[in-house]
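Listing of target.cif; format and content: mmCIF, C-alpha atoms.
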```cif
data_model
loop_
_atom_site.label_atom_id
_atom_site.label_comp_id
_atom_site.auth_asym_id
_atom_site.auth_seq_id
_atom_site.Cartn_x
_atom_site.Cartn_y
_atom_site.Cartn_z
CA VAL A 1007 3.70 -19.28 10.15
CA VAL A 1008 1.34 -19.25 13.12
CA ILE A 1009 1.29 -22.15 15.57
CA GLY A 1010 -1.08 -21.63 18.47
CA LYS A 1011 -0.58 -18.02 19.50
CA ARG A 1012 3.01 -17.71 18.26
CA PHE A 1013 4.37 -16.81 14.86
CA HIS A 1014 7.46 -18.54 13.47
CA SER A 1015 9.79 -17.65 10.60
CA CYS A 1016 9.35 -19.33 7.23
CA CYS A 1017 11.52 -19.37 4.12
CA VAL A 1018 9.99 -19.98 0.67
CA VAL A 1019 12.39 -21.14 -2.05
CA VAL A 1020 11.08 -20.22 -5.51
CA LYS A 1021 12.46 -22.39 -8.29
CA ASN A 1022 12.46 -22.03 -12.08
CA MET A 1023 12.62 -18.24 -12.19
CA GLN A 1024 12.87 -17.04 -15.80
CA ARG A 1025 14.62 -13.94 -17.07
CA CYS A 1026 12.38 -11.64 -19.09
CA ILE A 1027 14.11 -9.61 -21.80
CA TYR A 1028 12.59 -7.48 -24.55
CA ALA A 1029 14.36 -7.06 -27.89
CA ILE A 1030 13.38 -3.78 -29.56
CA PRO A 1031 13.16 -4.60 -33.31
CA SER A 1032 14.17 -2.45 -36.22
CA SER A 1033 11.29 -0.62 -37.89
CA SER A 1034 11.41 -3.03 -40.84
CA VAL A 1035 10.60 -6.11 -38.71
CA PHE A 1036 6.99 -5.15 -37.93
CA PRO A 1037 5.86 -2.67 -40.67
CA ARG A 1038 3.25 -0.35 -39.19
CA ASP A 1039 0.88 -0.46 -42.20
CA THR A 1040 0.87 -4.27 -42.26
CA ILE A 1041 0.32 -4.52 -38.50
CA SER A 1042 -2.46 -1.90 -38.53
CA ARG A 1043 -4.31 -3.69 -41.33
CA ILE A 1044 -4.19 -7.06 -39.57
CA GLU A 1045 -5.14 -5.59 -36.17
CA LYS A 1046 -8.31 -4.06 -37.62
CA ASN A 1047 -9.53 -7.50 -38.60
CA SER A 1048 -8.43 -9.31 -35.44
CA THR A 1049 -11.66 -9.02 -33.45
CA SER A 1050 -12.61 -12.67 -33.81
CA SER A 1051 -10.64 -15.54 -32.30
CA ASP A 1052 -9.67 -16.86 -35.76
CA ALA A 1053 -8.38 -13.42 -36.77
CA SER A 1054 -6.45 -13.19 -33.51
CA LEU A 1055 -4.73 -16.51 -34.29
CA SER A 1056 -3.98 -15.16 -37.76
CA LEU A 1057 -2.39 -12.03 -36.22
CA ARG A 1058 -0.26 -14.18 -33.96
CA ALA A 1059 0.89 -16.35 -36.85
CA THR A 1060 1.72 -13.26 -38.92
CA LEU A 1061 3.74 -11.73 -36.06
CA HIS A 1062 5.77 -14.94 -35.72
CA GLU A 1063 6.32 -14.97 -39.46
CA LEU A 1064 7.43 -11.33 -39.59
CA SER A 1065 9.81 -11.85 -36.66
CA SER A 1066 11.44 -15.01 -38.02
CA GLY A 1067 14.64 -13.19 -39.02
CA LEU A 1068 14.78 -11.41 -35.66
CA LYS A 1069 14.23 -14.68 -33.75
CA SER A 1070 16.95 -16.46 -35.73
CA GLU A 1071 19.42 -13.70 -34.99
CA VAL A 1072 18.58 -13.57 -31.28
CA ALA A 1073 18.75 -17.38 -31.03
CA GLU A 1074 22.22 -17.32 -32.57
CA LYS A 1075 23.44 -14.68 -30.11
CA LEU A 1076 21.96 -16.58 -27.15
CA SER A 1077 23.70 -19.75 -28.30
CA ASP A 1078 27.00 -17.86 -28.38
CA LEU A 1079 26.38 -17.03 -24.70
CA ASN A 1080 25.74 -20.73 -23.88
CA VAL A 1081 22.01 -20.17 -23.44
CA SER A 1082 20.24 -23.14 -24.96
CA ASN A 1083 16.82 -23.25 -23.32
CA PHE A 1084 14.75 -20.17 -24.23
CA VAL A 1085 11.30 -19.12 -25.50
CA MET A 1086 10.65 -16.14 -27.81
CA THR A 1087 7.24 -14.53 -28.45
CA PRO A 1088 6.21 -11.28 -30.20
CA VAL A 1089 4.19 -9.14 -27.75
CA LYS A 1090 2.80 -5.62 -27.65
CA ARG A 1091 4.28 -3.29 -25.03
CA ASN A 1092 4.13 0.40 -24.19
CA TYR A 1093 7.41 2.25 -23.55
CA ALA A 1094 7.40 5.58 -21.67
CA PHE A 1095 10.92 6.11 -20.33
CA GLU A 1096 14.08 8.06 -21.11
CA ARG A 1097 16.06 5.92 -23.56
CA THR A 1098 16.38 7.63 -26.94
CA ASP A 1099 17.03 4.38 -28.84
CA VAL A 1100 13.59 3.00 -27.88
CA PRO A 1101 10.48 4.52 -29.58
CA ILE A 1102 7.91 6.02 -27.21
CA GLY A 1103 4.44 4.46 -27.13
CA GLU A 1104 2.91 1.12 -28.08
CA GLN A 1105 4.88 -1.24 -30.30
CA TYR A 1106 5.51 -4.91 -30.96
CA VAL A 1107 8.69 -6.30 -29.42
CA LEU A 1108 10.21 -9.76 -29.00
CA LYS A 1109 9.83 -11.17 -25.47
CA ILE A 1110 12.62 -13.60 -24.51
CA ASN A 1111 12.41 -15.93 -21.51
CA TYR A 1112 15.22 -18.17 -20.25
CA PRO A 1113 16.36 -19.49 -16.84
CA TYR A 1114 18.23 -17.31 -14.36
CA LYS A 1115 20.83 -20.05 -13.97
CA ASP A 1116 22.09 -19.12 -17.46
CA PRO A 1117 24.33 -16.05 -17.92
CA ALA A 1118 22.89 -12.57 -18.35
CA VAL A 1119 22.82 -11.03 -21.82
CA PRO A 1120 25.04 -7.93 -22.21
CA ALA A 1121 22.94 -4.77 -22.02
CA ASP A 1122 24.68 -3.26 -25.06
CA LEU A 1123 24.06 -6.26 -27.35
CA ARG A 1124 22.87 -5.17 -30.83
CA GLY A 1125 22.03 -6.87 -34.11
CA ASP A 1126 20.84 -6.32 -37.67
CA HIS A 1127 17.21 -6.88 -36.71
CA PHE A 1128 17.17 -5.23 -33.25
CA HIS A 1129 18.78 -2.10 -31.80
CA ALA A 1130 18.18 -2.40 -28.05
CA LEU A 1131 17.52 -4.87 -25.23
CA LEU A 1132 15.48 -4.09 -22.12
CA GLY A 1133 15.46 -5.98 -18.83
CA THR A 1134 18.89 -7.57 -19.11
CA ASN A 1135 19.97 -6.49 -15.61
CA ASN A 1136 16.72 -7.11 -13.72
CA SER A 1137 17.31 -9.22 -10.62
CA ALA A 1138 15.22 -12.31 -9.97
CA LEU A 1139 13.74 -10.64 -6.87
CA GLU A 1140 12.73 -7.47 -8.74
CA LEU A 1141 11.12 -9.45 -11.56
CA PHE A 1142 9.33 -11.71 -9.07
CA LEU A 1143 7.83 -8.74 -7.17
CA ILE A 1144 6.71 -7.03 -10.38
CA LYS A 1145 5.24 -10.13 -12.03
CA ARG A 1146 3.40 -11.24 -8.88
CA LYS A 1147 2.31 -7.64 -8.12
CA ILE A 1148 3.65 -7.69 -4.56
CA LYS A 1149 3.84 -4.17 -3.11
CA GLY A 1150 5.61 -4.28 0.21
CA PRO A 1151 4.90 -6.49 3.25
CA SER A 1152 1.59 -8.32 2.76
CA TRP A 1153 -0.10 -11.68 3.20
CA LEU A 1154 0.76 -14.13 0.41
CA SER A 1155 -1.05 -17.24 -0.78
CA ILE A 1156 1.38 -20.08 -1.46
CA SER A 1157 0.13 -23.18 -3.26
CA LYS A 1158 1.69 -26.46 -4.40
CA PHE A 1159 4.52 -26.13 -1.87
CA VAL A 1160 6.70 -28.96 -0.62
CA ALA A 1161 8.46 -29.06 2.76
CA CYS A 1162 12.22 -28.89 2.30
CA PRO A 1163 14.25 -31.80 3.79
CA SER A 1164 16.60 -30.73 6.59
CA THR A 1165 19.66 -31.80 4.57
CA GLN A 1166 18.71 -29.47 1.70
CA ARG A 1167 17.77 -26.36 3.67
CA VAL A 1168 19.18 -23.01 2.60
CA SER A 1169 17.98 -21.03 5.63
CA TRP A 1170 17.97 -21.02 9.43
CA CYS A 1171 14.20 -20.43 9.53
CA LYS A 1172 11.88 -22.59 11.62
CA PHE A 1173 10.05 -23.71 8.46
CA GLU A 1174 11.22 -23.93 4.86
CA VAL A 1175 9.17 -24.84 1.79
CA THR A 1176 9.81 -25.00 -1.95
CA VAL A 1177 7.59 -24.06 -4.90
CA ASP A 1178 8.35 -25.04 -8.50
CA SER A 1179 7.02 -21.86 -10.09
CA PRO A 1180 6.67 -18.19 -9.10
CA LYS A 1181 3.05 -18.48 -10.28
CA ASP A 1182 2.37 -20.61 -7.20
CA ILE A 1183 2.65 -17.42 -5.12
CA SER A 1184 0.09 -14.62 -5.20
CA VAL A 1185 -1.09 -11.73 -3.04
CA LEU A 1186 -3.93 -12.84 -0.78
CA MET A 1187 -6.96 -10.76 -1.79
CA THR A 1188 -8.78 -11.23 1.55
CA SER A 1189 -5.78 -10.07 3.60
CA ASN A 1190 -7.68 -7.05 5.02
CA THR A 1191 -9.56 -9.37 7.38
CA LEU A 1192 -6.40 -11.01 8.72
CA GLU A 1193 -4.51 -9.76 11.75
CA VAL A 1194 -1.07 -8.29 11.02
CA PRO A 1195 1.45 -10.55 12.79
CA PRO A 1196 3.83 -9.05 15.37
CA VAL A 1197 7.59 -9.19 14.85
CA VAL A 1198 10.53 -9.95 17.14
CA VAL A 1199 12.98 -7.05 17.52
CA ALA A 1200 16.50 -7.39 18.94
CA ALA A 1201 18.54 -4.31 19.84
CA VAL A 1202 22.30 -4.92 19.72
CA ASN A 1203 25.15 -2.94 21.25
CA LEU A 1204 28.85 -3.79 21.17
CA LYS A 1205 31.57 -2.50 23.47
CA THR A 1206 35.00 -2.57 21.87
CA ILE A 1207 38.64 -1.84 22.60
CA ILE A 1208 41.23 -0.76 20.06
CA ASN A 1209 44.10 -3.07 19.19
CA GLU A 1210 46.87 -0.50 18.86
CA LYS A 1211 49.15 -2.89 16.97
CA HIS A 1212 46.68 -3.55 14.15
CA ASN A 1213 44.54 -0.42 14.64
CA VAL A 1214 41.26 -2.37 14.69
CA HIS A 1215 38.31 -2.62 17.05
CA GLU A 1216 38.03 -5.83 19.07
CA ILE A 1217 34.81 -6.83 20.83
CA VAL A 1218 34.84 -7.26 24.61
CA SER A 1219 31.09 -7.41 25.24
CA ALA A 1220 27.84 -7.68 23.28
CA SER A 1221 24.47 -6.76 24.81
CA VAL A 1222 21.07 -7.65 23.35
CA ILE A 1223 17.62 -6.45 24.42
CA CYS A 1224 14.79 -8.36 22.72
CA CYS A 1225 11.13 -7.37 22.42
CA HIS A 1226 9.03 -10.37 21.38
CA GLN A 1227 5.68 -8.77 20.48
CA VAL A 1228 6.15 -5.67 18.32
CA LYS A 1229 3.28 -4.30 16.24
CA ILE A 1230 4.08 -3.11 12.74
CA ASP A 1231 0.69 -1.64 11.80
CA THR A 1232 0.31 0.94 14.58
CA PRO A 1233 2.60 2.85 16.99
CA MET A 1234 3.09 1.28 20.41
CA ARG A 1235 2.96 3.06 23.75
CA SER A 1236 5.74 2.36 26.24
CA GLU A 1237 3.41 0.50 28.61
CA ASP A 1238 2.47 -1.90 25.78
CA TRP A 1239 5.94 -2.95 24.64
CA GLN A 1240 7.50 -2.82 28.12
CA LYS A 1241 4.93 -5.07 29.79
CA ARG A 1242 6.07 -8.13 31.69
CA GLY A 1243 6.95 -11.15 29.56
CA THR A 1244 7.67 -9.27 26.33
CA ILE A 1245 11.26 -8.20 27.05
CA SER A 1246 14.33 -10.40 27.45
CA HIS A 1247 18.01 -9.49 27.63
CA PHE A 1248 21.50 -10.94 27.79
CA THR A 1249 25.14 -9.85 27.63
CA VAL A 1250 28.14 -11.88 26.51
CA MET A 1251 31.52 -10.72 27.83
CA ARG A 1252 35.05 -12.06 27.36
CA LYS A 1253 38.26 -11.51 29.27
CA LEU A 1254 41.12 -9.48 27.84
CA GLU A 1255 43.89 -11.42 26.14
CA GLY A 1256 46.53 -12.62 28.61
CA SER A 1257 44.47 -11.78 31.69
CA ILE A 1258 41.73 -13.27 33.87
CA PHE A 1259 38.35 -12.03 35.06
CA PRO A 1260 38.49 -10.14 38.37
CA ILE A 1261 37.57 -11.98 41.57
CA GLY A 1262 33.84 -12.18 42.22
CA LEU A 1263 32.64 -11.71 38.62
CA THR A 1264 32.05 -15.41 37.89
CA LYS A 1265 29.97 -15.80 41.07
CA GLU A 1266 27.99 -12.65 40.30
CA ALA A 1267 27.25 -13.90 36.77
CA SER A 1268 26.14 -17.28 38.14
CA ASP A 1269 23.88 -15.61 40.72
CA ARG A 1270 22.28 -13.37 38.08
CA ASN A 1271 21.64 -16.29 35.73
CA GLN A 1272 20.13 -18.38 38.52
CA LYS A 1273 17.87 -15.53 39.61
CA ALA A 1274 16.72 -14.82 36.04
CA GLY A 1275 16.26 -18.49 35.14
CA SER A 1276 18.28 -18.00 31.95
CA ASN A 1277 21.73 -16.91 30.82
CA VAL A 1278 21.56 -13.12 31.13
CA LEU A 1279 25.34 -12.78 31.61
CA ALA A 1280 27.70 -15.18 29.85
CA LEU A 1281 31.46 -15.04 30.44
CA GLU A 1282 33.73 -16.36 27.67
CA SER A 1283 37.47 -16.91 27.46
CA SER A 1284 38.12 -15.38 24.04
CA GLU A 1285 36.64 -13.12 21.37
CA ARG A 1286 35.97 -16.12 19.13
CA ALA A 1287 34.02 -17.82 21.94
CA LEU A 1288 32.09 -14.57 22.53
CA LEU A 1289 31.11 -14.40 18.85
CA ASN A 1290 30.03 -18.04 18.81
CA ARG A 1291 27.87 -17.56 21.91
CA LEU A 1292 26.35 -14.35 20.53
CA MET A 1293 25.37 -16.05 17.25
CA ILE A 1294 23.83 -19.02 19.11
CA GLU A 1295 21.73 -16.72 21.31
CA LEU A 1296 20.61 -14.56 18.36
CA SER A 1297 19.64 -17.71 16.49
CA LYS A 1298 17.48 -18.81 19.42
CA LEU A 1299 15.69 -15.46 19.43
CA ASP A 1300 15.08 -15.75 15.65
CA CYS A 1301 14.47 -12.01 15.51
CA ASP A 1302 12.88 -10.33 12.48
CA VAL A 1303 14.51 -6.94 13.06
CA LEU A 1304 18.00 -5.95 14.25
CA VAL A 1305 18.15 -2.51 15.87
CA GLY A 1306 21.03 -0.32 16.95
CA HIS A 1307 22.35 3.21 16.87
CA ASN A 1308 24.78 3.36 13.94
CA ILE A 1309 24.50 -0.42 13.73
CA SER A 1310 24.84 -0.16 9.93
CA GLY A 1311 28.07 1.79 9.99
CA PHE A 1312 29.78 0.29 13.04
CA ASP A 1313 28.38 -2.65 15.04
CA LEU A 1314 27.66 -5.06 12.18
CA ASP A 1315 30.82 -4.04 10.35
CA VAL A 1316 32.97 -4.79 13.41
CA LEU A 1317 31.02 -7.97 14.20
CA LEU A 1318 31.54 -9.52 10.77
CA HIS A 1319 35.15 -8.39 10.39
CA ARG A 1320 35.99 -9.89 13.80
CA ALA A 1321 34.18 -13.11 12.89
CA GLN A 1322 36.31 -13.26 9.76
CA THR A 1323 39.55 -12.51 11.63
CA CYS A 1324 38.79 -14.96 14.45
CA LYS A 1325 37.89 -17.67 11.91
CA VAL A 1326 34.39 -18.18 13.28
CA PRO A 1327 32.86 -21.02 11.19
CA SER A 1328 30.20 -20.14 8.60
CA SER A 1329 27.73 -22.35 10.47
CA MET A 1330 27.94 -19.71 13.23
CA TRP A 1331 28.51 -16.28 11.69
CA SER A 1332 25.80 -16.82 9.05
CA LYS A 1333 23.25 -16.96 11.89
CA ILE A 1334 23.42 -13.17 12.02
CA GLY A 1335 20.99 -13.49 9.09
CA ARG A 1336 18.53 -16.18 8.07
CA LEU A 1337 20.35 -17.62 5.05
CA ARG A 1338 22.91 -20.39 5.52
CA ARG A 1339 26.19 -19.32 3.93
CA SER A 1340 29.47 -21.12 3.38
CA VAL A 1341 31.54 -18.15 2.18
CA MET A 1342 31.78 -14.74 3.79
CA PRO A 1343 30.68 -12.04 1.30
CA ARG A 1344 33.24 -9.42 0.41
CA LEU A 1345 33.31 -6.88 3.23
CA THR A 1346 34.46 -3.35 2.58
CA LYS A 1347 37.04 -1.80 4.88
CA GLY A 1348 35.53 -0.98 8.25
CA ASN A 1349 34.05 2.51 8.48
CA THR A 1350 33.37 3.90 11.94
CA LEU A 1351 31.94 7.20 10.70
CA TYR A 1352 28.40 7.86 11.86
CA GLY A 1353 25.77 7.39 9.18
CA SER A 1354 27.99 5.53 6.73
CA GLY A 1355 25.25 2.90 6.23
CA ALA A 1356 25.61 -0.82 5.67
CA SER A 1357 27.74 -2.14 2.81
CA PRO A 1358 26.27 -4.63 0.29
CA GLY A 1359 28.33 -7.39 1.93
CA ILE A 1360 26.80 -6.70 5.34
CA MET A 1361 23.28 -6.52 3.89
CA SER A 1362 23.75 -9.90 2.21
CA CYS A 1363 24.91 -11.39 5.53
CA ILE A 1364 21.74 -10.32 7.37
CA ALA A 1365 19.39 -11.39 4.54
CA GLY A 1366 16.06 -12.45 6.03
CA ARG A 1367 16.17 -9.86 8.80
CA LEU A 1368 15.39 -6.15 8.67
CA LEU A 1369 18.03 -3.67 9.78
CA CYS A 1370 16.80 -0.62 11.68
CA ASP A 1371 19.52 1.96 12.32
CA THR A 1372 18.12 4.57 14.70
CA TYR A 1373 20.83 6.99 13.63
CA LEU A 1374 19.72 6.92 9.98
CA CYS A 1375 16.03 7.04 10.96
CA SER A 1376 16.42 9.94 13.39
CA ARG A 1377 18.42 11.89 10.82
CA ASP A 1378 15.47 11.61 8.42
CA LEU A 1379 12.70 12.24 10.94
CA LEU A 1380 14.18 14.77 13.38
CA ARG A 1381 15.93 18.13 13.26
CA GLU A 1382 18.75 18.02 15.78
CA VAL A 1383 22.16 19.62 16.22
CA SER A 1384 23.67 16.17 16.79
CA TYR A 1385 22.30 12.69 16.15
CA SER A 1386 24.51 10.87 18.65
CA LEU A 1387 22.73 8.49 21.02
CA THR A 1388 23.63 10.70 23.98
CA GLN A 1389 22.03 13.76 22.39
CA LEU A 1390 18.89 11.94 21.23
CA ALA A 1391 18.45 10.22 24.61
CA GLU A 1392 18.48 13.63 26.25
CA THR A 1393 16.27 15.54 23.77
CA GLN A 1394 13.82 12.82 22.71
CA LEU A 1395 13.69 10.38 25.63
CA LYS A 1396 14.61 12.76 28.48
CA LYS A 1397 17.26 10.36 29.75
CA ASP A 1398 20.95 10.67 30.58
CA ARG A 1399 23.49 8.37 28.95
CA ARG A 1400 27.04 7.62 30.01
CA GLU A 1401 29.56 7.79 27.14
CA VAL A 1402 32.08 4.95 27.21
CA SER A 1403 34.96 5.16 24.75
CA PRO A 1404 37.14 2.17 23.76
CA HIS A 1405 40.01 3.68 25.79
CA ASP A 1406 37.85 3.71 28.95
CA ILE A 1407 37.23 -0.05 28.87
CA PRO A 1408 40.60 -1.78 29.67
CA PRO A 1409 40.86 -0.14 33.14
CA MET A 1410 37.33 -1.39 33.91
CA PHE A 1411 38.67 -4.98 33.94
CA GLN A 1412 40.42 -4.24 37.26
CA SER A 1413 37.36 -5.08 39.37
CA ALA A 1414 34.09 -6.99 39.16
CA GLY A 1415 32.13 -3.85 40.09
CA THR A 1416 33.40 -1.78 37.16
CA LEU A 1417 32.85 -4.68 34.73
CA LEU A 1418 29.25 -4.99 35.90
CA LYS A 1419 28.95 -1.26 35.21
CA LEU A 1420 30.19 -1.95 31.66
CA VAL A 1421 27.44 -4.58 31.28
CA GLU A 1422 24.92 -2.01 32.49
CA TYR A 1423 26.19 0.60 30.00
CA GLY A 1424 25.94 -1.87 27.10
CA GLU A 1425 22.40 -2.96 27.95
CA THR A 1426 21.37 0.66 28.54
CA ASP A 1427 22.62 1.66 25.07
CA ALA A 1428 20.74 -1.25 23.49
CA TRP A 1429 17.62 -0.25 25.44
CA LEU A 1430 17.91 3.40 24.37
CA SER A 1431 18.14 2.48 20.68
CA LEU A 1432 15.09 0.20 21.09
CA GLU A 1433 13.19 2.93 22.92
CA LEU A 1434 14.14 5.45 20.22
CA MET A 1435 12.79 3.11 17.54
CA PHE A 1436 9.42 2.97 19.32
CA HIS A 1437 9.47 6.71 20.04
CA LEU A 1438 9.84 7.48 16.31
CA SER A 1439 7.38 4.72 15.24
CA VAL A 1440 9.97 3.60 12.71
CA LEU A 1441 8.51 0.18 11.85
CA PRO A 1442 4.86 1.15 11.17
CA LEU A 1443 5.97 4.28 9.31
CA THR A 1444 8.48 2.57 7.02
CA ARG A 1445 6.10 -0.36 6.45
CA GLN A 1446 3.40 2.04 5.25
CA LEU A 1447 5.86 3.84 2.96
CA THR A 1448 6.97 0.49 1.54
CA ASN A 1449 3.39 -0.58 0.80
CA ILE A 1450 2.79 2.71 -1.01
CA SER A 1451 5.98 2.63 -3.08
CA GLY A 1452 6.21 -1.13 -3.67
CA ASN A 1453 9.81 -0.98 -2.49
CA LEU A 1454 11.61 -3.51 -0.28
CA TRP A 1455 11.13 -2.80 3.43
CA GLY A 1456 14.84 -3.27 4.07
CA LYS A 1457 15.65 -0.65 1.41
CA THR A 1458 13.20 1.83 2.93
CA LEU A 1459 14.89 1.46 6.33
CA GLN A 1460 18.34 2.12 4.82
CA VAL A 1461 17.43 5.23 2.78
#
```
Kindly present the structure from the file in structure tokens form.
Amino acid sequence: VVIGKRFHSCCVVVKNMQRCIYAIPSSSVFPRDTISRIEKNSTSSDASLSLRATLHELSSGLKSEVAEKLSDLNVSNFVMTPVKRNYAFERTDVPIGEQYVLKINYPYKDPAVPADLRGDHFHALLGTNNSALELFLIKRKIKGPSWLSISKFVACPSTQRVSWCKFEVTVDSPKDISVLMTSNTLEVPPVVVAAVNLKTIINEKHNVHEIVSASVICCHQVKIDTPMRSEDWQKRGTISHFTVMRKLEGSIFPIGLTKEASDRNQKAGSNVLALESSERALLNRLMIELSKLDCDVLVGHNISGFDLDVLLHRAQTCKVPSSMWSKIGRLRRSVMPRLTKGNTLYGSGASPGIMSCIAGRLLCDTYLCSRDLLREVSYSLTQLAETQLKKDRREVSPHDIPPMFQSAGTLLKLVEYGETDAWLSLELMFHLSVLPLTRQLTNISGNLWGKTLQV
């Protein structure tokens, strides 16, 4: 949503989504000779009504059987209509070509019909496992990121909001949303991109990573329709940054660090270095700051396989409230999705639990993208910084970090390393033109942009 010269996030809640299932009838339900004879005479409107009435009559046994099976599944509100469809896929139990089938619509709030359900009058069901999102995109003919026309919407009261977006509206039917046909004349809005880098230590007792600092570099005006030169995205006023750091358990920050942090914040006019007393406080502060940025894209090198995995597992372990950890995405959540066991291997990708947590934001992993777009011996950030960006990077392992808490100078170096790594992943994203490239591929394929980025 544009206000003045700035774009703000908006969530649209679509109500009354209906499942769409097709029952493939036995050959005796719609006899071909009978159908062919009626279709030949169905050119006029009266004949067309006659054809429709005949189809309903022929399918009465099928409809009664399907209605009985739906009732057994506690589905009471449904609509059934004979329709003509063309099948061209691999299932051997469904005839190839045009045929009449029974279309069944009922609300998504009711349980799904088993895919292997059979009956005397039908031998297959199609569309039983289609998600509401998939069906919505297909029915409304939405192919990738595009301008949408939304009508008959109602602003959602603050007490009923399901998202953290700036604006939230509700529509009563998916038919109230359509692709805007005049979108070619509209400017493609920029997005906000936040690059995240975590520095962790290893808890030897529990053999888990614990977060000691989190650095974020944010670019507020990122084009998604064309590549951007470095002088365009690095210009004054478009970049902001901050780091949140906490002290080690049972110790204090070294002398001089608090004053240095205060001086830096005063000079910058904002909190660019926040010092917290515990990992839980660090996570809370990080989520608050990310929520303020309201970024559209999260970027990092192996962010799918490591950073987000560690972030959410630590939020769970530290009992960070859902009102905080759910701000990593744009949907308000009360229960943490099931997270798979942490995997620190490069390129492991994001688990379904992580992807559900960041719903509403895109996830750009520069490791996954560079592996698809480049031919390198190694895809580590150090290697790519050297070969692609012509820059040196200092490797910091979890075992190197505890000694750095001995002095303020070495801790400030740790802050520098974290922000440098976040910057390098952001710069790599621009260097590879990841966002415009994946957006174009998504528009061509009709896929979800988030899926394209994770392939």
Open item on the list: Once the PyMOL selection byres ((chain A and resi 1227) around 8) has been evaluated on this model, what residues remain selected, and can you format them as a VMD selection string?
Closed with: chain A and resid 1196 to 1198 1225 to 1226 1228 to 1229 1239 1244
Keeping C-alpha atoms, export the residues of the selection given above as a short mmCIF file (atom, residue, chain, number, x, y, z; two decimals), keeping the file's coordinate frame.
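Contents of part-v2.cif, as written:
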```
data_model
loop_
_atom_site.label_atom_id
_atom_site.label_comp_id
_atom_site.auth_asym_id
_atom_site.auth_seq_id
_atom_site.Cartn_x
_atom_site.Cartn_y
_atom_site.Cartn_z
CA PRO A 1196 3.83 -9.05 15.37
CA VAL A 1197 7.59 -9.19 14.85
CA VAL A 1198 10.53 -9.95 17.14
CA CYS A 1225 11.13 -7.37 22.42
CA HIS A 1226 9.03 -10.37 21.38
CA VAL A 1228 6.15 -5.67 18.32
CA LYS A 1229 3.28 -4.30 16.24
CA TRP A 1239 5.94 -2.95 24.64
CA THR A 1244 7.67 -9.27 26.33
#
```
Residue neighbourhood range 1157-1167 of chain A, 10 Å, only C-alpha atoms, exclusion window fewer than 3 positions, as a PDB file with C-alpha atoms, in the frame of the given file:
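Wrote it out as around19.pdb, contents follow:
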```
ATOM      1  CA  CYS A1017      11.520 -19.370   4.120  1.00  0.00           C
ATOM      2  CA  VAL A1018       9.990 -19.980   0.670  1.00  0.00           C
ATOM      3  CA  VAL A1019      12.390 -21.140  -2.050  1.00  0.00           C
ATOM      4  CA  VAL A1020      11.080 -20.220  -5.510  1.00  0.00           C
ATOM      5  CA  LEU A1154       0.760 -14.130   0.410  1.00  0.00           C
ATOM      6  CA  TRP A1170      17.970 -21.020   9.430  1.00  0.00           C
ATOM      7  CA  CYS A1171      14.200 -20.430   9.530  1.00  0.00           C
ATOM      8  CA  PHE A1173      10.050 -23.710   8.460  1.00  0.00           C
ATOM      9  CA  GLU A1174      11.220 -23.930   4.860  1.00  0.00           C
ATOM     10  CA  VAL A1175       9.170 -24.840   1.790  1.00  0.00           C
ATOM     11  CA  THR A1176       9.810 -25.000  -1.950  1.00  0.00           C
ATOM     12  CA  VAL A1177       7.590 -24.060  -4.900  1.00  0.00           C
ATOM     13  CA  ASP A1178       8.350 -25.040  -8.500  1.00  0.00           C
ATOM     14  CA  SER A1179       7.020 -21.860 -10.090  1.00  0.00           C
ATOM     15  CA  LYS A1181       3.050 -18.480 -10.280  1.00  0.00           C
ATOM     16  CA  ASP A1182       2.370 -20.610  -7.200  1.00  0.00           C
ATOM     17  CA  ILE A1183       2.650 -17.420  -5.120  1.00  0.00           C
ATOM     18  CA  SER A1184       0.090 -14.620  -5.200  1.00  0.00           C
ATOM     19  CA  LEU A1337      20.350 -17.620   5.050  1.00  0.00           C
ATOM     20  CA  ARG A1338      22.910 -20.390   5.520  1.00  0.00           C
TER      21      ARG A1338
END
```
Using all atoms listed in the file, what table do you get, as JSON lines, when you list each residue of range 1346-1439 of chain A with an atom no more than 7 Å from range 1253-1262 of chain A, its nearest pair of atoms, and their distance in Å rounded to one decimal, rows by chain then rising number?
```
{"residue": "A:Phe1411", "atom": "CA", "partner": "A:Pro1260", "partner_atom": "CA", "distance": 6.8}
{"residue": "A:Gln1412", "atom": "CA", "partner": "A:Pro1260", "partner_atom": "CA", "distance": 6.3}
{"residue": "A:Ser1413", "atom": "CA", "partner": "A:Pro1260", "partner_atom": "CA", "distance": 5.3}
{"residue": "A:Ala1414", "atom": "CA", "partner": "A:Pro1260", "partner_atom": "CA", "distance": 5.5}
```
TODO: Please indicate the distance in Å from CA of Glu1382 in chain A to CA of Gln1394 in chain A, rounded to one decimal place.
DONE: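 Atom-to-atom, CA of Glu1382 in chain A to CA of Gln1394 in chain A, that is 10.0 Å.
Within the 8 Å cut-off around Val1089 in chain A, using all atoms listed in the file and omitting residues fewer than 5 positions from it on the same chain, the listed residues are Tyr1106, Val1107, Leu1108 and Lys1109 of chain A.
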TODO: Decode the PyMOL selection byres ((chain A and resi 1334) around 8) for the given file into explicit residues and return them as a count of residues only.
DONE: 10
- [ ] Find the residues around Phe1013 in chain A up to 8 Å (only C-alpha atoms counted), leave out those fewer than 4 positions away in its own chain, and share them as a list in words.
- [x] Val1007, Val1008, Ile1009, Pro1195 and Pro1196 of chain A
Task: d(CA of Val1278 in chain A, CA of Gly1424 in chain A) in Å - done: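 Answer for the CA of Val1278 in chain A to CA of Gly1424 in chain A separation: 12.7 Å.
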